[in-house]
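Shown here: target-v1.txt, compact mmCIF, C-alpha atoms.
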# COMPACT_ATOMS: atom_id res chain seq x y z
CA MET O 810 142.44 120.13 141.39
CA SER O 811 144.07 122.05 138.54
CA ALA O 812 144.89 120.67 135.12
CA ALA O 813 148.54 120.43 136.09
CA GLU O 814 147.62 118.30 139.10
CA LEU O 815 145.58 115.72 137.21
CA PRO O 816 146.80 112.18 137.95
CA PRO O 817 147.68 109.74 135.15
CA LEU O 818 144.64 108.30 133.42
CA ARG O 819 145.51 104.76 134.52
CA ASP O 820 145.39 105.92 138.15
CA VAL O 821 141.99 107.56 137.59
CA ILE O 822 140.61 104.36 136.08
CA ALA O 823 141.99 102.25 138.93
CA ARG O 824 140.64 104.62 141.58
CA HIS O 825 137.15 104.59 140.09
CA GLY O 826 137.22 100.86 139.41
CA LEU O 827 136.58 101.31 135.70
CA SER O 828 136.92 98.65 133.03
CA ALA O 829 136.02 98.79 129.35
CA SER O 830 132.50 97.53 128.64
CA LYS O 831 132.26 95.12 125.73
CA ALA O 832 128.50 95.72 125.56
CA LEU O 833 129.13 99.46 125.01
CA GLY O 834 131.91 98.86 122.48
CA GLN O 835 134.49 100.52 124.74
CA ASN O 836 138.27 100.35 124.32
CA PHE O 837 140.34 102.79 126.36
CA LEU O 838 143.36 104.72 125.09
CA PHE O 839 146.06 105.67 127.62
CA ASP O 840 148.93 106.91 125.43
CA ALA O 841 149.02 110.69 126.02
CA GLN O 842 151.23 111.33 122.97
CA LEU O 843 148.89 109.36 120.70
CA LEU O 844 145.86 111.19 122.09
CA ALA O 845 147.60 114.54 121.58
CA ARG O 846 148.26 113.61 117.93
CA ILE O 847 144.56 112.85 117.42
CA ALA O 848 143.61 116.18 119.03
CA ARG O 849 145.87 118.01 116.56
CA ILE O 850 144.21 116.57 113.45
CA PRO O 851 141.33 119.10 113.21
CA GLY O 852 143.76 122.02 113.42
CA ASP O 853 143.83 124.87 115.93
CA LEU O 854 141.23 124.19 118.61
CA THR O 855 141.91 127.25 120.74
CA ASP O 856 138.50 128.25 122.14
CA ALA O 857 136.81 126.07 119.48
CA GLU O 858 133.68 124.08 120.26
CA VAL O 859 134.17 120.31 120.12
CA LEU O 860 131.67 117.49 120.43
CA GLU O 861 133.02 114.21 121.78
CA ILE O 862 130.93 111.04 121.79
CA GLY O 863 131.74 108.33 124.31
CA PRO O 864 134.65 109.93 126.19
CA GLY O 865 134.79 107.10 128.72
CA PRO O 866 137.21 108.08 131.48
CA GLY O 867 138.34 111.11 129.47
CA GLY O 868 141.64 110.30 127.78
CA LEU O 869 140.89 112.09 124.51
CA THR O 870 138.91 114.70 126.45
CA ARG O 871 142.09 115.66 128.30
CA ALA O 872 143.99 116.04 125.04
CA LEU O 873 141.25 118.24 123.54
CA LEU O 874 141.06 120.43 126.65
CA ALA O 875 144.86 120.77 126.65
CA LYS O 876 144.59 122.12 123.07
CA GLY O 877 142.26 124.87 124.34
CA ALA O 878 138.97 123.40 123.11
CA ARG O 879 135.58 123.88 124.77
CA VAL O 880 134.31 120.31 124.89
CA THR O 881 130.79 118.94 125.10
CA ALA O 882 131.03 115.24 125.92
CA ILE O 883 128.11 112.81 125.68
CA GLU O 884 128.60 109.67 127.78
CA ARG O 885 126.02 106.95 128.43
CA ASP O 886 128.16 104.93 130.88
CA ARG O 887 127.40 106.49 134.24
CA ARG O 888 130.42 104.71 135.78
CA CYS O 889 132.60 107.23 133.91
CA ILE O 890 130.76 110.37 135.04
CA PRO O 891 132.78 110.87 138.30
CA ALA O 892 136.07 110.71 136.37
CA LEU O 893 134.76 113.24 133.85
CA ALA O 894 133.57 115.45 136.72
CA GLU O 895 137.19 115.70 137.87
CA LEU O 896 138.11 117.03 134.43
CA GLU O 897 135.26 119.54 134.64
CA ALA O 898 136.71 120.82 137.90
CA ALA O 899 140.24 120.97 136.48
CA TYR O 900 139.09 122.95 133.41
CA PRO O 901 136.43 125.36 134.73
CA GLY O 902 133.97 126.40 132.06
CA LYS O 903 135.69 124.30 129.38
CA LEU O 904 133.94 120.94 129.70
CA ARG O 905 130.22 120.14 129.62
CA VAL O 906 129.30 116.51 130.31
CA ILE O 907 125.91 115.20 129.19
CA GLU O 908 124.89 111.79 130.44
CA GLY O 909 122.88 110.00 127.78
CA ASP O 910 122.84 107.99 124.56
CA ALA O 911 124.32 109.93 121.63
CA THR O 912 122.04 108.09 119.21
CA GLU O 913 119.02 109.58 120.99
CA ILE O 914 120.31 113.14 121.52
CA GLU O 915 119.90 115.85 118.86
CA ALA O 916 123.49 117.04 119.19
CA ARG O 917 123.14 120.02 116.84
CA THR O 918 120.81 121.69 119.35
CA LEU O 919 123.63 121.80 121.90
CA PHE O 920 125.65 124.36 119.92
CA ASP O 921 125.23 127.89 118.69
CA GLY O 922 128.07 127.49 116.18
CA ALA O 923 129.43 124.56 114.16
CA PRO O 924 131.59 122.33 116.36
CA HIS O 925 134.34 119.98 115.39
CA ILE O 926 133.35 116.40 116.20
CA VAL O 927 136.30 114.46 117.60
CA SER O 928 135.70 110.99 118.99
CA ASN O 929 137.08 107.55 119.62
CA LEU O 930 133.67 106.23 118.65
CA PRO O 931 132.22 103.12 120.29
CA TYR O 932 132.48 100.47 117.60
CA ASN O 933 128.86 99.42 117.90
CA VAL O 934 127.36 102.83 116.99
CA GLY O 935 130.14 104.55 115.04
CA THR O 936 128.94 103.92 111.49
CA ALA O 937 125.33 104.84 112.30
CA LEU O 938 126.42 108.14 113.85
CA LEU O 939 128.65 108.92 110.86
CA ILE O 940 125.84 108.31 108.37
CA GLY O 941 123.62 110.64 110.37
CA TRP O 942 126.24 113.39 110.31
CA LEU O 943 126.89 112.93 106.58
CA SER O 944 123.15 113.07 105.88
CA ALA O 945 122.75 116.43 107.63
CA ASP O 946 121.67 119.59 105.86
CA TRP O 947 124.52 121.05 103.81
CA LEU O 948 126.69 122.88 104.61
CA PRO O 949 126.31 120.85 107.79
CA TRP O 950 126.04 121.87 111.43
CA TRP O 951 129.57 120.57 112.11
CA THR O 952 132.92 121.97 110.93
CA SER O 953 134.90 118.73 110.66
CA LEU O 954 134.81 115.09 111.75
CA THR O 955 137.85 113.40 113.33
CA LEU O 956 136.75 109.88 114.16
CA MET O 957 138.31 106.59 115.20
CA PHE O 958 136.97 103.53 113.41
CA GLN O 959 137.91 99.95 112.84
CA ARG O 960 140.44 99.98 110.01
CA GLU O 961 138.02 98.11 107.74
CA VAL O 962 135.34 100.79 108.19
CA ALA O 963 137.89 103.58 107.69
CA GLU O 964 138.96 102.03 104.39
CA ARG O 965 135.33 101.83 103.25
CA ILE O 966 134.90 105.55 103.95
CA VAL O 967 137.91 106.65 101.87
CA ALA O 968 137.82 103.86 99.26
CA PRO O 969 138.53 104.82 95.62
CA VAL O 970 136.35 103.57 92.81
CA GLY O 971 137.20 100.06 91.65
CA GLY O 972 138.30 98.60 94.98
CA ASP O 973 136.61 95.92 97.04
CA ALA O 974 136.01 98.43 99.85
CA TYR O 975 134.25 100.90 97.53
CA GLY O 976 130.53 101.10 98.18
CA ARG O 977 127.63 103.20 99.47
CA LEU O 978 129.60 104.53 102.44
CA ALA O 979 132.38 105.83 100.17
CA VAL O 980 129.88 107.61 97.92
CA LEU O 981 128.04 109.13 100.88
CA ALA O 982 131.30 110.34 102.43
CA GLN O 983 132.89 111.65 99.24
CA TRP O 984 130.15 113.24 97.11
CA ARG O 985 130.16 116.47 99.11
CA SER O 986 133.07 116.15 101.53
CA THR O 987 136.74 115.21 101.58
CA ALA O 988 137.68 112.10 103.54
CA ARG O 989 141.15 110.82 104.37
CA ILE O 990 142.78 108.42 106.79
CA ALA O 991 144.73 110.75 109.09
CA MET O 992 146.58 108.07 111.04
CA PRO O 993 146.51 104.32 111.71
CA VAL O 994 146.22 103.13 115.30
CA HIS O 995 147.58 99.72 116.29
CA ARG O 996 145.32 97.44 118.30
CA SER O 997 147.96 97.28 121.04
CA ALA O 998 147.34 100.97 121.84
CA PHE O 999 143.98 100.08 123.40
CA THR O 1000 143.01 98.53 126.70
CA PRO O 1001 141.73 95.92 126.21
CA PRO O 1002 143.20 95.41 122.73
CA PRO O 1003 140.44 94.87 120.14
CA LYS O 1004 140.73 92.06 117.64
CA VAL O 1005 141.11 94.50 114.74
CA MET O 1006 143.31 97.45 113.80
CA SER O 1007 141.90 100.97 113.89
CA ALA O 1008 142.37 104.24 112.04
CA VAL O 1009 141.42 107.88 112.49
CA VAL O 1010 139.43 109.37 109.61
CA HIS O 1011 139.25 113.14 109.03
CA ILE O 1012 136.32 114.50 107.02
CA THR O 1013 135.72 118.10 105.97
CA PRO O 1014 132.62 119.29 104.09
CA THR O 1015 132.84 120.74 100.61
CA GLU O 1016 130.25 122.46 98.47
CA ALA O 1017 127.46 120.09 97.50
CA PRO O 1018 126.86 119.42 93.80
CA GLY O 1019 123.84 121.35 92.60
CA ASP O 1020 120.42 119.91 91.82
CA VAL O 1021 121.04 116.56 93.50
CA ALA O 1022 118.70 115.18 96.16
CA LEU O 1023 120.38 113.09 98.84
CA PHE O 1024 117.50 110.62 99.05
CA VAL O 1025 117.76 109.98 95.31
CA LEU O 1026 121.50 109.36 95.50
CA GLU O 1027 120.93 107.03 98.44
CA ARG O 1028 118.26 105.12 96.52
CA VAL O 1029 120.46 104.69 93.46
CA THR O 1030 123.51 103.57 95.43
CA ALA O 1031 121.41 101.24 97.62
CA ALA O 1032 120.09 99.49 94.53
CA ALA O 1033 123.45 99.42 92.74
CA PHE O 1034 125.53 98.13 95.65
CA GLY O 1035 122.75 95.92 97.00
CA GLN O 1036 123.47 93.68 94.00
CA ARG O 1037 127.05 94.79 93.37
CA ARG O 1038 128.04 91.68 91.41
CA LYS O 1039 125.24 92.23 88.91
CA MET O 1040 125.33 94.59 85.94
CA LEU O 1041 123.70 97.98 86.42
CA ARG O 1042 120.96 97.07 83.93
CA GLN O 1043 119.83 94.45 86.45
CA SER O 1044 120.57 96.13 89.79
CA LEU O 1045 118.99 99.46 88.82
CA ARG O 1046 115.98 97.99 87.02
CA GLY O 1047 113.74 98.72 90.00
CA VAL O 1048 114.65 102.43 90.14
CA PRO O 1049 112.30 104.34 87.79
CA GLY O 1050 114.25 106.28 85.17
CA ALA O 1051 117.65 104.97 86.25
CA LEU O 1052 118.45 103.04 83.08
CA GLU O 1053 117.48 106.03 80.94
CA ALA O 1054 119.70 108.24 83.13
CA LEU O 1055 122.62 105.87 82.61
CA GLU O 1056 122.17 106.07 78.85
CA ALA O 1057 121.89 109.86 78.93
CA GLU O 1058 125.15 110.07 80.87
CA GLY O 1059 126.94 107.63 78.56
CA ILE O 1060 127.39 105.04 81.33
CA GLU O 1061 127.31 101.49 80.01
CA ALA O 1062 124.54 99.48 81.67
CA THR O 1063 126.79 96.41 81.52
CA ARG O 1064 129.11 97.90 84.15
CA ARG O 1065 128.98 96.95 87.83
CA ALA O 1066 128.52 99.32 90.77
CA GLU O 1067 132.14 99.21 91.96
CA THR O 1068 133.30 100.64 88.62
CA VAL O 1069 131.01 103.68 88.78
CA SER O 1070 132.70 106.77 90.18
CA VAL O 1071 131.22 109.11 92.76
CA ALA O 1072 130.85 111.77 90.05
CA GLU O 1073 128.96 109.33 87.80
CA PHE O 1074 126.58 108.33 90.61
CA VAL O 1075 125.98 112.03 91.28
CA ALA O 1076 125.29 112.66 87.59
CA VAL O 1077 122.70 109.87 87.49
CA ALA O 1078 121.08 111.10 90.72
CA ARG O 1079 120.95 114.63 89.30
CA ARG O 1080 118.94 113.43 86.31
CA LEU O 1081 116.56 111.58 88.63
CA SER O 1082 116.20 114.49 91.05

Let me see whether you can do it: turn the structure in this file into structure tokens.
Amino acid sequence: MSAAELPPLRDVIARHGLSASKALGQNFLFDAQLLARIARIPGDLTDAEVLEIGPGPGGLTRALLAKGARVTAIERDRRCIPALAELEAAYPGKLRVIEGDATEIEARTLFDGAPHIVSNLPYNVGTALLIGWLSADWLPWWTSLTLMFQREVAERIVAPVGGDAYGRLAVLAQWRSTARIAMPVHRSAFTPPPKVMSAVVHITPTEAPGDVALFVLERVTAAAFGQRRKMLRQSLRGVPGALEALEAEGIEATRRAETVSVAEFVAVARRLS
């Protein structure tokens, strides 16, 4: 079967008797135009390597292959493997399917270059995977991240200082990368519809600030946002040298974590590194 002869995704799902697994955090997307829009977000994918986590029956996979990408897809639901095998046959040499749990696979070892990661992530593992990718060596092993999240999580990733959504995830995503919401996705686009709205986040790495250790930044933000309603002089009291670093940077210890910018957190972490 050639790519032009592929049946509609709904027919593939019906033929293989597939249904979205709540336990695996699955929600299927059928809208080909919507999937094509997501596949365009990273830019030109002609002959580019792409990692997709949780392709399910292969809706987004189709869109990525149609854009000319060479896709490596990691899928733990073996019910979906036959449907993905049909895509492998339709796009010879363009799709590699790995059956397994993405949280247990060292994905960077699968590539010689730096792939784009494009995924409609399973809701139950999406944030953990993102944190792992953002905590990678810098510049990282990936070129860009184009990821579907619950809208609430997406807003936490891109949140500006001062907002209720601003926290550790925003600092981790923004201190050495650029994060934006590329497009909202209505719950009605999914089968079955989730209870929440979704959004696609696009993240590209930037140069890391010098002389800052990630583990120090993580420790400072964990303490600060772990008691976000308390003043910094209380929340950071358990981090050796943190209060002195605040004073050296001219940051009032009476402020609360949500008022401290990414740059200010980085400056404090630099002094403690």

Measuring atom to atom with only C-alpha atoms, identify which of O:Ala848, O:Leu860, O:Ile890, O:Ala937 is nearest to O:Leu873.
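The answer is O:Ala848, which sits nearest to O:Leu873.
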
For each of O:Ile914, O:Val1075, O:Leu838, O:Leu893, take the minimum atom-to-atom distance to O:Pro1018, counting all atoms listed in the file, then give the residue where this is smallest.
O:Val1075

Fewer than 2 positions away in the same chain doesn't count, so skip those; otherwise give me all residues within 10 Å of stretch 988-998 of chain O, counting only C-alpha atoms, as a ChimeraX atom specification.
/O:836-840,843,846-847,850-851,954-960,963-964,966-968,979,982-986,1000-1014

Residue with smallest distance to O:Gly941 - pool O:Leu978, O:Glu961, O:Glu1058, O:Gly971, counting only C-alpha atoms
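Of all the options, O:Leu978 lies closest to O:Gly941.
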
My list of candidates is O:Trp942, O:Trp947, O:Tyr932, O:Phe1074. Which is closest to O:Ala1031 when distances are computed with all atoms listed in the file?
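Going through O:Trp942, O:Trp947, O:Tyr932, O:Phe1074 one by one, the smallest distance to O:Ala1031 is for O:Phe1074.
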
Neighbours of point (132.0, 118.7, 125.8) within 6 Å, using only C-alpha atoms, written as number ranges by chain:
O: 860, 880-882, 904-906

Could you tell me how far atom CA of O:Phe1034 sits from atom CA of O:Ala1062, in Å to one decimal place?
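Separating atom CA of O:Ala1062 from atom CA of O:Phe1034 is a distance of 14.1 Å.
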
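Candidate residues O:Gln1036, O:Ser928, O:Ser953, O:Ser828 were compared for distance to O:Gly852, and the nearest is O:Ser953, using all atoms listed in the file.
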